[in-house]
Amino acid sequence: MKNVFSDNELWDAVVADNNRAFVLLYNRYWKKVYNTAHYYLKHPAAAEEITHDVFVSLWEKRKSNKIENFLPYLQATARYQVYKYLKTAKVNCTAYFDQFADAIVPPVYNSGVNKLEYENMEFRLAQLLNDLPPKCREIFWLSRMNSLSNQEIAEKLNISKRTVENQLTRALKALRTFDPQFLMAVLISLLICA
């Protein structure tokens, strides 16, 4: 196979179990997936692991994935894998901390101030979300505030998982264009508090 095939032609060949087409897609996009993961994590080994996971997942789900725009799909998958990696790292840190909880004297925090700051941030987020369509807002809230998976949201609202993903992308895009720094602060705090 030559490298003159379009992404869609190669993907159709991959769906038909053509390993060489998959290798061509891998060679075409692995660096972009790696760069996406490295941009968020700043950790080369983790970015390599995520790149590997993205392409393994792509191969394993080749029969069920309907991909129309290959590069945006890969980049979104890479960002999702980064999120999973960060969430797993956070859980591991917590488990490690729990092992030594008796040996460490916990610091004293003013939880009242923290709670007010969190509520203020939650209120500002609610104001930003008011500009979104109601269903989009509800899906974002269920995902980010109630920590439901896309599949759980789809089942709860009786819609497809793909619709949930599209609505989350739409919400994040709208929030990012309004106030990117605030959105990053919200998402980081949600990861920490989740």
# chains A, B, ... in the order shown; residues from 1 in each chain; ligands from 1

call {"tool": "residues_around", "arguments": {"residues": "stretch 15-23 of chain A", "least_positions_apart": "6", "cutoff": "12 Å", "atoms": "only C-alpha atoms", "output": "list in words"}}
result
Met1, Lys2, Asn3, Val4, Phe5, Ser6, Asp7, Asn8, Glu9, Tyr29, Trp30, Phe55, Val56, Leu58, Trp59, Glu60, Lys61, Arg62, Lys63, Ser64, Asn65, Lys66 and Ile67 of chain A

call {"tool": "closest_residue", "arguments": {"among": "A:Val14, A:Arg170, A:Leu25, A:Gln81", "to": "A:Thr51", "atoms": "only C-alpha atoms"}}
result
A:Gln81

call {"tool": "atom_distance", "arguments": {"atom1": "atom CA of A:Lys156", "atom2": "atom CA of A:Arg176"}}
result
26.5 Å

call {"tool": "atom_distance", "arguments": {"atom1": "atom CA of A:Val164", "atom2": "atom CA of A:Glu138"}}
result
10.2 Å

call {"tool": "closest_residue", "arguments": {"among": "A:Thr77, A:Asn120, A:Gln151, A:Ser143", "to": "A:Ala37", "atoms": "only C-alpha atoms"}}
result
A:Thr77

call {"tool": "residues_around", "arguments": {"residues": "stretch 40-43 of chain A", "least_positions_apart": "3", "cutoff": "9 Å", "atoms": "only C-alpha atoms", "output": "JSON, numbers by chain"}}
result
{"A": [35, 36, 37, 46, 47, 48, 79, 82, 86]}
